[in-house]
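Source file: start-v7.cif; contents: mmCIF, C-alpha atoms.
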data_entry
#
loop_
_atom_site.label_atom_id
_atom_site.label_comp_id
_atom_site.auth_asym_id
_atom_site.auth_seq_id
_atom_site.Cartn_x
_atom_site.Cartn_y
_atom_site.Cartn_z
CA MET A 87 -28.95 -93.22 62.76
CA SER A 88 -27.56 -90.49 60.57
CA ASN A 89 -29.70 -88.12 58.54
CA VAL A 90 -27.97 -87.71 55.20
CA SER A 91 -28.60 -85.81 52.01
CA GLY A 92 -26.16 -85.08 49.23
CA LEU A 93 -25.36 -82.39 46.71
CA SER A 94 -23.12 -82.95 43.71
CA LEU A 95 -21.00 -80.08 42.49
CA GLY A 96 -21.63 -81.08 38.90
CA ASN A 97 -18.21 -82.15 37.69
CA ASP A 98 -18.18 -85.13 40.06
CA THR A 99 -14.86 -84.07 41.52
CA GLU A 100 -16.33 -83.55 44.97
CA THR A 101 -19.51 -84.37 46.84
CA ILE A 102 -20.93 -82.60 49.86
CA PHE A 103 -22.92 -84.50 52.48
CA PHE A 104 -25.17 -82.91 55.08
CA LEU A 105 -25.65 -84.98 58.18
CA THR A 106 -26.40 -85.15 61.85
CA GLU A 107 -24.73 -87.91 63.80
CA GLY A 108 -24.60 -88.39 67.58
CA THR A 109 -23.35 -85.54 69.75
CA SER A 110 -20.80 -84.53 67.12
CA THR A 111 -22.68 -82.92 64.25
CA PHE A 112 -21.17 -82.28 60.86
CA SER A 113 -22.74 -79.66 58.61
CA MET A 114 -20.70 -80.79 55.65
CA ILE A 115 -18.22 -83.35 54.50
CA VAL A 116 -16.25 -83.04 51.30
CA SER A 117 -15.00 -86.24 49.73
CA THR A 118 -12.75 -86.53 46.71
CA ASP A 119 -12.85 -89.27 44.10
CA ARG A 120 -9.97 -91.05 45.84
CA GLU A 121 -11.74 -91.01 49.18
CA ARG A 122 -15.01 -92.27 47.73
CA ARG A 123 -13.27 -95.20 46.08
CA VAL A 124 -11.88 -96.35 49.45
CA ASN A 125 -15.21 -96.66 51.27
CA ARG A 126 -17.87 -96.60 48.56
CA ASN A 127 -20.57 -98.38 50.55
CA PHE A 128 -20.28 -96.78 54.00
CA LEU A 129 -20.32 -93.38 55.63
CA PRO A 130 -17.02 -93.19 57.55
CA TRP A 131 -18.44 -93.26 61.10
CA ASN A 132 -20.61 -96.31 60.31
CA ASN A 133 -17.89 -98.33 58.61
CA PRO A 134 -17.73 -101.72 60.39
CA LYS A 135 -13.93 -101.62 60.16
CA ASN A 136 -13.78 -98.64 62.50
CA VAL A 137 -11.64 -99.51 65.51
CA VAL A 138 -13.49 -96.93 67.64
CA SER A 139 -17.27 -96.68 67.88
CA ALA A 140 -19.14 -93.47 67.17
CA GLU A 141 -20.38 -93.44 70.78
CA THR A 142 -16.84 -93.59 72.18
CA ARG A 143 -15.72 -90.86 69.81
CA ASP A 144 -18.64 -88.63 70.84
CA ASP A 145 -17.99 -89.18 74.55
CA VAL A 146 -14.31 -88.25 74.22
CA LEU A 147 -15.02 -85.16 72.11
CA PHE A 148 -17.75 -84.06 74.52
CA VAL A 149 -15.32 -84.12 77.45
CA ILE A 150 -12.70 -82.23 75.43
CA ASP A 151 -14.97 -79.61 73.83
CA CYS A 152 -17.48 -79.00 76.61
CA ILE A 153 -15.43 -79.50 79.79
CA LEU A 154 -11.65 -79.47 79.42
CA CYS A 155 -11.23 -76.77 76.77
CA PRO A 156 -13.40 -74.17 78.58
CA LEU A 157 -11.63 -74.78 81.89
CA LEU A 158 -8.15 -74.65 80.35
CA THR A 159 -9.04 -71.53 78.36
CA VAL A 160 -10.09 -69.63 81.47
CA TRP A 161 -7.00 -70.78 83.34
CA GLY A 162 -4.62 -70.17 80.45
CA VAL A 163 -5.87 -66.72 79.48
CA THR A 164 -5.82 -65.61 83.13
CA GLY A 165 -2.28 -66.90 83.59
CA ASN A 166 -1.05 -65.34 80.35
CA LEU A 167 -2.55 -61.97 81.23
CA MET A 168 -0.89 -62.07 84.66
CA SER A 169 2.40 -63.02 82.98
CA LEU A 170 1.99 -60.06 80.65
CA ALA A 171 1.40 -57.75 83.62
CA VAL A 172 4.56 -59.00 85.32
CA LEU A 173 6.62 -58.52 82.16
CA LEU A 174 5.23 -55.02 81.59
CA HIS A 175 6.16 -54.17 85.17
CA HIS A 176 9.79 -54.17 84.00
CA ASN A 177 8.89 -51.63 81.28
CA MET A 178 9.96 -54.08 78.56
CA ARG A 179 13.64 -53.25 79.08
CA GLY A 180 15.08 -56.58 77.93
CA ALA A 181 15.10 -58.05 74.45
CA VAL A 182 13.63 -61.31 75.71
CA ASP A 183 10.85 -59.47 77.56
CA VAL A 184 9.53 -58.27 74.21
CA CYS A 185 9.27 -61.82 72.95
CA LEU A 186 7.80 -63.18 76.19
CA ALA A 187 5.09 -60.51 76.18
CA SER A 188 4.31 -61.27 72.53
CA LEU A 189 4.13 -64.97 73.36
CA ALA A 190 1.64 -64.30 76.17
CA VAL A 191 -0.54 -62.34 73.73
CA SER A 192 -0.46 -64.97 70.96
CA ASP A 193 -1.09 -67.82 73.42
CA SER A 194 -4.09 -65.99 74.87
CA LEU A 195 -5.56 -65.27 71.43
CA PHE A 196 -5.00 -68.88 70.40
CA LEU A 197 -6.93 -70.07 73.45
CA VAL A 198 -9.77 -67.61 72.85
CA THR A 199 -10.18 -68.48 69.15
CA THR A 200 -10.00 -72.20 69.95
CA MET A 201 -12.79 -71.82 72.48
CA ILE A 202 -14.90 -69.82 70.05
CA ARG A 203 -14.55 -72.65 67.51
CA ARG A 204 -15.29 -75.43 69.99
CA ALA A 205 -18.26 -73.56 71.48
CA ARG A 206 -20.31 -74.98 68.62
CA SER A 207 -20.40 -78.33 70.44
CA ILE A 208 -21.86 -76.66 73.54
CA ILE A 209 -24.47 -74.73 71.53
CA ALA A 210 -25.48 -77.91 69.70
CA LYS A 211 -26.51 -79.46 73.03
CA PHE A 212 -29.30 -76.88 73.28
CA ASP A 213 -30.10 -75.87 69.70
CA TYR A 214 -28.67 -77.86 66.79
CA LEU A 215 -29.78 -75.44 64.07
CA ALA A 216 -28.36 -72.46 65.95
CA ALA A 217 -25.06 -74.33 66.26
CA GLU A 218 -25.03 -74.90 62.50
CA TRP A 219 -25.53 -71.21 61.78
CA TYR A 220 -22.92 -70.30 64.40
CA ASN A 221 -20.37 -72.64 62.87
CA ALA A 222 -21.07 -71.63 59.27
CA ARG A 223 -20.77 -67.90 59.94
CA LEU A 224 -17.66 -68.01 62.12
CA PHE A 225 -15.72 -71.00 60.82
CA ASN A 226 -13.67 -69.27 58.12
CA SER A 227 -12.48 -66.34 60.22
CA MET A 228 -11.94 -68.33 63.42
CA PHE A 229 -10.12 -71.15 61.65
CA TYR A 230 -7.77 -68.64 60.03
CA LEU A 231 -7.11 -66.58 63.17
CA ASN A 232 -6.70 -69.69 65.31
CA LEU A 233 -4.09 -71.05 62.92
CA VAL A 234 -2.27 -67.71 62.72
CA PHE A 235 -1.91 -67.29 66.48
CA SER A 236 -0.86 -70.90 66.92
CA ARG A 237 1.93 -70.55 64.35
CA VAL A 238 2.98 -67.15 65.72
CA SER A 239 3.53 -68.80 69.10
CA THR A 240 5.55 -71.55 67.42
CA LEU A 241 7.87 -69.08 65.70
CA LEU A 242 8.19 -66.97 68.84
CA THR A 243 9.31 -70.07 70.69
CA ILE A 244 12.02 -70.62 68.09
CA LEU A 245 13.07 -66.97 68.45
CA ILE A 246 13.32 -67.26 72.23
CA THR A 247 15.24 -70.53 71.95
CA LEU A 248 17.62 -68.98 69.44
CA ASN A 249 18.19 -66.03 71.76
CA ARG A 250 19.05 -68.38 74.59
CA PHE A 251 21.28 -70.46 72.29
CA ILE A 252 23.32 -67.36 71.37
CA ALA A 253 23.56 -66.31 75.03
CA VAL A 254 25.00 -69.69 76.05
CA VAL A 255 27.08 -70.68 73.04
CA PHE A 256 28.27 -67.19 72.01
CA PRO A 257 28.13 -65.20 75.26
CA LEU A 258 30.49 -62.47 74.04
CA LYS A 259 28.27 -61.77 71.03
CA ALA A 260 24.91 -62.01 72.74
CA LYS A 261 24.65 -58.38 73.84
CA SER A 262 25.39 -56.99 70.37
CA TRP A 263 23.43 -59.59 68.41
CA CYS A 264 20.30 -59.85 70.55
CA THR A 265 19.24 -56.25 71.07
CA ARG A 266 15.78 -55.06 72.01
CA HIS A 267 15.46 -53.20 68.71
CA ARG A 268 16.23 -56.32 66.68
CA MET A 269 13.84 -58.39 68.77
CA LEU A 270 11.02 -55.92 68.12
CA TRP A 271 11.61 -56.19 64.39
CA ALA A 272 11.77 -59.99 64.60
CA VAL A 273 8.48 -60.20 66.52
CA ALA A 274 6.77 -57.85 64.06
CA GLY A 275 8.12 -59.90 61.17
CA ILE A 276 6.76 -63.11 62.69
CA TYR A 277 3.27 -61.69 63.07
CA VAL A 278 3.18 -60.20 59.57
CA SER A 279 4.65 -63.28 57.88
CA CYS A 280 2.18 -65.65 59.58
CA ILE A 281 -0.77 -63.44 58.64
CA LEU A 282 0.28 -63.43 54.98
CA VAL A 283 1.55 -67.00 54.61
CA ILE A 284 -1.55 -68.55 56.21
CA LEU A 285 -3.99 -66.26 54.38
CA PRO A 286 -5.02 -68.91 51.78
CA THR A 287 -6.65 -70.97 54.55
CA SER A 288 -9.31 -68.27 54.89
CA LEU A 289 -10.37 -69.04 51.30
CA TYR A 290 -11.01 -72.77 51.75
CA TYR A 291 -14.76 -72.60 52.33
CA GLU A 292 -17.85 -70.55 51.54
CA VAL A 293 -21.25 -70.56 53.22
CA ALA A 294 -24.27 -71.89 51.36
CA GLU A 295 -27.78 -72.91 52.38
CA VAL A 296 -29.97 -75.94 51.73
CA TYR A 297 -33.43 -76.99 52.84
CA ASP A 298 -33.35 -79.91 55.30
CA SER A 299 -36.61 -81.87 55.24
CA ASN A 300 -35.77 -83.58 58.52
CA LEU A 301 -35.51 -80.23 60.31
CA ASN A 302 -38.14 -78.53 58.14
CA ALA A 303 -35.85 -75.53 57.96
CA THR A 304 -33.13 -73.96 55.87
CA LYS A 305 -29.75 -75.18 57.02
CA PRO A 306 -26.34 -73.59 56.36
CA TYR A 307 -23.33 -75.62 55.33
CA LEU A 308 -19.70 -75.08 54.46
CA ALA A 309 -18.76 -75.93 50.91
CA ARG A 310 -15.37 -75.88 49.29
CA SER A 311 -14.95 -72.51 47.62
CA ALA A 312 -14.72 -72.18 43.85
CA LEU A 313 -11.15 -70.97 44.29
CA TYR A 314 -10.22 -74.10 46.23
CA ILE A 315 -11.82 -76.42 43.67
CA ALA A 316 -10.13 -74.62 40.77
CA ASN A 317 -6.74 -74.95 42.49
CA HIS A 318 -7.32 -78.24 44.28
CA GLY A 319 -3.84 -79.65 43.69
CA PHE A 320 -2.07 -76.54 44.93
CA MET A 321 -4.33 -76.12 47.95
CA LEU A 322 -3.86 -79.75 48.94
CA ALA A 323 -0.07 -79.50 48.72
CA TYR A 324 -0.13 -76.17 50.53
CA SER A 325 -2.19 -77.42 53.49
CA ARG A 326 -0.91 -80.98 53.83
CA SER A 327 2.75 -80.43 52.98
CA PHE A 328 3.87 -76.81 53.18
CA LEU A 329 2.06 -75.75 56.35
CA THR A 330 2.75 -79.04 58.13
CA ILE A 331 6.46 -79.13 57.36
CA THR A 332 7.04 -75.40 57.87
CA PHE A 333 5.14 -74.94 61.12
CA ARG A 334 5.34 -78.37 62.75
CA TYR A 335 8.18 -80.64 61.70
CA ILE A 336 10.88 -78.00 61.15
CA PRO A 337 10.17 -76.12 64.42
CA ALA A 338 10.22 -79.40 66.36
CA VAL A 339 13.64 -80.34 64.97
CA VAL A 340 15.10 -76.83 65.37
CA ILE A 341 13.98 -76.42 68.98
CA LEU A 342 15.11 -79.92 69.91
CA VAL A 343 18.57 -79.40 68.37
CA LEU A 344 19.05 -75.96 69.92
CA ASN A 345 17.95 -77.13 73.35
CA THR A 346 20.23 -80.15 73.19
CA THR A 347 23.16 -77.92 72.26
CA ILE A 348 22.34 -75.53 75.10
CA VAL A 349 22.26 -78.33 77.67
CA VAL A 350 25.51 -79.88 76.42
CA THR A 351 27.24 -76.48 76.43
CA ILE A 352 26.12 -75.70 79.97
CA LYS A 353 27.35 -79.08 81.23
CA ARG A 354 30.79 -78.33 79.80
CA THR A 355 31.14 -75.00 81.60
CA SER A 356 33.07 -74.57 84.83
CA GLU A 357 31.66 -75.98 88.03
CA LEU A 358 31.53 -72.47 89.55
CA ARG A 359 29.35 -71.09 86.76
CA LEU A 360 27.16 -74.17 86.82
CA LYS A 361 26.67 -73.85 90.56
CA MET A 362 25.83 -70.14 90.42
CA SER A 363 23.17 -70.10 87.71
CA GLU A 364 23.30 -72.60 84.90
CA GLY A 365 22.31 -75.62 86.98
CA ARG A 366 18.87 -74.16 87.59
CA VAL A 367 18.52 -73.14 83.94
CA THR A 368 19.50 -76.65 82.85
CA ARG A 369 16.77 -78.22 84.99
CA MET A 370 14.27 -75.76 83.56
CA LEU A 371 15.30 -76.57 79.99
CA LEU A 372 14.85 -80.28 80.58
CA VAL A 373 11.35 -79.76 81.98
CA ILE A 374 10.33 -77.37 79.20
CA SER A 375 11.72 -79.61 76.48
CA LEU A 376 9.70 -82.50 77.86
CA ILE A 377 6.52 -80.36 77.85
CA PHE A 378 7.23 -79.28 74.29
CA LEU A 379 7.77 -82.82 73.01
CA VAL A 380 4.77 -84.30 74.82
CA CYS A 381 2.45 -81.60 73.48
CA LEU A 382 3.81 -81.62 69.92
CA ILE A 383 4.17 -85.35 69.23
CA PRO A 384 0.41 -86.21 69.09
CA GLY A 385 -0.35 -83.67 66.35
CA CYS A 386 2.72 -84.56 64.31
CA ALA A 387 1.98 -88.28 64.64
CA ILE A 388 -1.61 -87.86 63.45
CA LEU A 389 -0.57 -85.79 60.44
CA LEU A 390 2.17 -88.25 59.55
CA GLY A 391 -0.17 -91.22 59.99
CA SER A 392 -2.86 -89.68 57.78
CA THR A 393 -0.24 -89.06 55.10
CA LEU A 394 1.16 -92.59 55.17
CA ASN A 395 -2.17 -94.43 55.57
CA VAL A 396 -5.09 -93.35 53.38
CA HIS A 397 -7.53 -95.19 55.67
CA PHE A 398 -6.56 -92.96 58.61
CA GLN A 399 -8.22 -89.79 57.31
CA PHE A 400 -11.39 -87.82 57.96
CA MET A 401 -13.50 -89.43 55.23
CA ASN A 402 -12.02 -92.92 55.35
CA THR A 403 -12.15 -96.19 57.27
CA TYR A 404 -10.80 -95.04 60.63
CA HIS A 405 -12.79 -91.82 60.76
CA ASN A 406 -13.84 -92.21 64.40
CA LEU A 407 -10.28 -92.86 65.57
CA PHE A 408 -9.02 -89.94 63.50
CA MET A 409 -11.59 -87.56 65.01
CA MET A 410 -10.93 -88.72 68.56
CA LEU A 411 -7.14 -88.48 68.31
CA SER A 412 -7.38 -85.10 66.57
CA GLY A 413 -9.39 -83.81 69.51
CA ILE A 414 -6.76 -85.11 71.93
CA ALA A 415 -3.98 -83.48 69.87
CA LEU A 416 -5.81 -80.15 70.00
CA LEU A 417 -6.20 -80.54 73.75
CA CYS A 418 -2.41 -80.95 74.03
CA GLU A 419 -1.92 -77.66 72.19
CA VAL A 420 -4.40 -75.96 74.52
CA VAL A 421 -2.54 -77.34 77.54
CA ASN A 422 0.75 -76.13 76.11
CA SER A 423 -0.63 -72.61 75.68
CA SER A 424 -1.79 -72.60 79.29
CA VAL A 425 1.29 -73.71 81.22
CA ASN A 426 3.81 -70.90 80.69
CA PHE A 427 2.61 -69.08 83.78
CA ILE A 428 3.11 -72.20 85.91
CA VAL A 429 6.64 -72.66 84.52
CA TYR A 430 7.51 -69.03 85.29
CA MET A 431 6.17 -69.24 88.84
CA ALA A 432 7.84 -72.56 89.61
CA LEU A 433 11.27 -71.92 88.11
CA SER A 434 11.85 -68.15 88.24
CA LYS A 435 12.27 -66.65 91.70
CA THR A 436 12.24 -63.10 90.38
CA PHE A 437 9.08 -63.66 88.36
CA SER A 438 7.25 -65.14 91.35
CA ALA A 439 8.48 -62.32 93.60
CA THR A 440 7.28 -59.70 91.14
CA TYR A 441 3.96 -61.52 90.82
CA ARG A 442 3.47 -61.47 94.59
CA LYS A 443 4.31 -57.78 94.62
CA LEU A 444 1.72 -57.03 91.96
CA PHE A 445 -1.12 -59.41 92.84
CA CYS A 446 -0.59 -60.25 96.52
CA CYS A 447 0.17 -56.79 97.84
CA PHE A 448 -1.78 -57.50 101.03
CA CYS A 449 0.34 -60.51 101.94
CA LYS A 450 2.26 -59.66 105.08
CA SER A 451 4.82 -62.31 104.36
CA PHE A 452 6.00 -60.71 101.11
CA PRO A 453 9.82 -60.82 101.22
CA LYS A 454 11.42 -57.38 101.13
CA LYS A 455 14.79 -57.73 99.55
CA ASN A 456 16.68 -55.98 96.81
CA LEU A 457 17.65 -57.81 93.67
CA SER A 458 21.21 -57.38 92.50
CA LYS A 459 22.21 -56.69 88.92
CA THR A 460 23.49 -60.26 88.70
CA SER A 461 20.04 -61.52 89.65
CA GLU A 462 18.46 -59.32 87.00
CA VAL A 463 20.71 -60.75 84.31
CA TYR A 464 19.88 -64.28 85.44
CA THR A 465 16.18 -63.43 85.38
CA VAL A 466 16.35 -62.63 81.67
CA ASP A 467 17.99 -66.00 81.01
CA THR A 468 15.43 -67.75 83.17
CA HIS A 469 12.53 -66.07 81.36
CA ALA A 470 14.00 -66.99 77.99
CA SER A 471 14.32 -70.63 78.96
CA SER A 472 10.83 -70.74 80.43
CA SER A 473 9.16 -69.80 77.18
CA ILE A 474 10.49 -72.79 75.23
CA SER A 475 7.38 -74.70 76.36
CA ARG A 476 5.20 -73.38 73.52
CA VAL A 477 4.44 -75.70 70.67
CA SER A 478 2.77 -75.34 67.51
#
Hey, can you dump this file as structure tokens for me?
Amino acid sequence: MSNVSGLSLGNDTETIFFLTEGTSTFSMIVSTDRERRVNRNFLPWNNPKNVVSAETRDDVLFVIDCILCPLLTVWGVTGNLMSLAVLLHHNMRGAVDVCLASLAVSDSLFLVTTMIRRARSIIAKFDYLAAEWYNARLFNSMFYLNLVFSRVSTLLTILITLNRFIAVVFPLKAKSWCTRHRMLWAVAGIYVSCILVILPTSLYYEVAEVYDSNLNATKPYLARSALYIANHGFMLAYSRSFLTITFRYIPAVVILVLNTTIVVTIKRTSELRLKMSEGRVTRMLLVISLIFLVCLIPGCAILLGSTLNVHFQFMNTYHNLFMMLSGIALLCEVVNSSVNFIVYMALSKTFSATYRKLFCCFCKSFPKKNLSKTSEVYTVDTHASSSISRVS
């Protein structure tokens, strides 16, 4: 049974509900006039038309927030830091190395900020009120930073894919077009542009307090900020259209098209070149493209579904299904940020050899062989292809 109280903002444009429901607790819900008209008589998780029960939703989110996300965060951050160490071992000589190192940093920070946000579910298991204060104080900053690092990784993936596209399709121009200096500027531009473009998301909410008679204590909640309410139409278009199209749909199409072109171009090259290097790169591209699509499709499908069907939204009929699938989509992004190290180790001989040299120095079986210049050039291509696995 949910504990509910309400606070009207006065102009009846929005209403804030405070509630506690199952293992997933919500400190606030904001509903617009349109949303209230859809389900006037029910709170969304109790609507009898829900295709998923609140208990099922809570069980799925518990597994994601309290078990899978912590484990994947530890694994992913460890793997990304080891990848960064291997890349730094080469003194960042190559243009692609700059981007790969930046990708390892953004992926790690995405995983850390995601875990900080989801830690609220773990805290709530022991102290609900403490979890509410934790969420209210950290939500704005962590939501913003989490989104920034996620989108930085998306744009870095496009940059790496574009670098590989030029190397395959325009091999004679690659050395002059894709220099280390230009890559440094591109990476810096990506970080700065994401920080600025996503800045409005940090202004969505403000922290307020209300007395909860059920808890006999003052409880914090997140309310829509005055700035958001005053610019509701713009903010809605910005978050639901601009950010979604710019950082999800467009990157998906661009990376898919570039990868397809790369594969087709490699298949049309001479058999000798294909046998020497491109065959292995082609296999890697196919694997990475599959990882990218599998991890990106859930989030895109949920956003598209919520746009096309008003009932499939947070405050509407299929609330429980929306929450459960959103958690699964986030899990896919976490998985995607954690697998680059595995891809490097499995598909790059030079990366795995350098890793063993750095982290397994006591292994007697470490192969002692010199790498030729040809192998070094191939390594750069291999690293570039490996990083296409990041999604948005």
Margin query: To test your reading of the syntax: which residues would the PyMOL selection byres ((chain A and resi 422) around 10) return for the file shown? Reply as a ChimeraX atom specification.
Written below: /A:158,162,193,377-378,380-382,416-421,423-426,475-478
Checklist line | Answer key for the PyMOL selection byres ((chain A and resi 211) around 12), residues as a ChimeraX atom specification | finding: /A:108-111,148,151-152,205-210,212-218
Check: Between A:Val283, A:Cys155, A:Val339, A:Leu379, which has the minimum distance to Thr200 of chain A (counting only C-alpha atoms)?
Finding: A:Cys155
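Comparing the minimum interatomic distances between Val254 of chain A and each of A:His397, A:Arg354, A:Lys135, A:Lys435, counting all atoms listed in the file, we find that A:Arg354 sits nearest.
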Check: Just so the selection is clear, what residues does the PyMOL selection byres ((chain A and resi 334) around 12) cover here, as an NGL selection string?
Finding: :A and (233 or 236-241 or 244 or 325-333 or 335-341 or 378-379 or 381-390 or 419 or 476-478)
Item checked: Residue contacts of segment 313-322 of chain A (8 Å, all atoms listed in the file) excluding same-chain residues fewer than 5 positions away, as a list in words -> Leu289, Tyr290, Tyr291 and Ser327 of chain A
Please write the residues from the selection above to a file, keeping C-alpha atoms, as a PDB file, in the coordinates of the input.
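File produced: again06.pdb:
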ATOM      1  CA  LEU A 289     -10.370 -69.040  51.300  1.00  0.00           C
ATOM      2  CA  TYR A 290     -11.010 -72.770  51.750  1.00  0.00           C
ATOM      3  CA  TYR A 291     -14.760 -72.600  52.330  1.00  0.00           C
ATOM      4  CA  SER A 327       2.750 -80.430  52.980  1.00  0.00           C
TER       5      SER A 327
END
Check: Hey, can you check how far atom CA of Lys305 of chain A sits from atom CA of Ser227 of chain A?
Finding: 19.7 Å
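With atom CA of Phe427 of chain A on one side and atom CA of Met228 of chain A on the other, the separation reads 25.0 Å.
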Can you give me N, CA and C atoms for segment 435-446 of chain A, written as a CSV table (one decimal), keeping the file's coordinate frame?
chain,number,residue,atom,x,y,z
A,435,LYS,N,12.5,-67.3,90.4
A,435,LYS,CA,12.3,-66.6,91.7
A,435,LYS,C,11.9,-65.2,91.5
A,436,THR,N,12.5,-64.5,90.6
A,436,THR,CA,12.2,-63.1,90.4
A,436,THR,C,10.8,-62.9,89.8
A,437,PHE,N,10.4,-63.8,88.9
A,437,PHE,CA,9.1,-63.7,88.4
A,437,PHE,C,8.0,-63.9,89.5
A,438,SER,N,8.2,-64.9,90.3
A,438,SER,CA,7.2,-65.1,91.4
A,438,SER,C,7.2,-64.0,92.4
A,439,ALA,N,8.4,-63.4,92.7
A,439,ALA,CA,8.5,-62.3,93.6
A,439,ALA,C,7.8,-61.1,93.0
A,440,THR,N,8.0,-60.8,91.8
A,440,THR,CA,7.3,-59.7,91.1
A,440,THR,C,5.8,-59.9,91.1
A,441,TYR,N,5.4,-61.2,90.8
A,441,TYR,CA,4.0,-61.5,90.8
A,441,TYR,C,3.3,-61.3,92.2
A,442,ARG,N,4.0,-61.7,93.3
A,442,ARG,CA,3.5,-61.5,94.6
A,442,ARG,C,3.4,-60.0,94.9
A,443,LYS,N,4.3,-59.2,94.4
A,443,LYS,CA,4.3,-57.8,94.6
A,443,LYS,C,3.1,-57.1,93.9
A,444,LEU,N,2.8,-57.6,92.7
A,444,LEU,CA,1.7,-57.0,92.0
A,444,LEU,C,0.3,-57.5,92.4
A,445,PHE,N,0.2,-58.8,92.6
A,445,PHE,CA,-1.1,-59.4,92.8
A,445,PHE,C,-1.4,-59.9,94.3
A,446,CYS,N,-0.4,-59.9,95.1
A,446,CYS,CA,-0.6,-60.2,96.5
A,446,CYS,C,0.0,-59.2,97.4
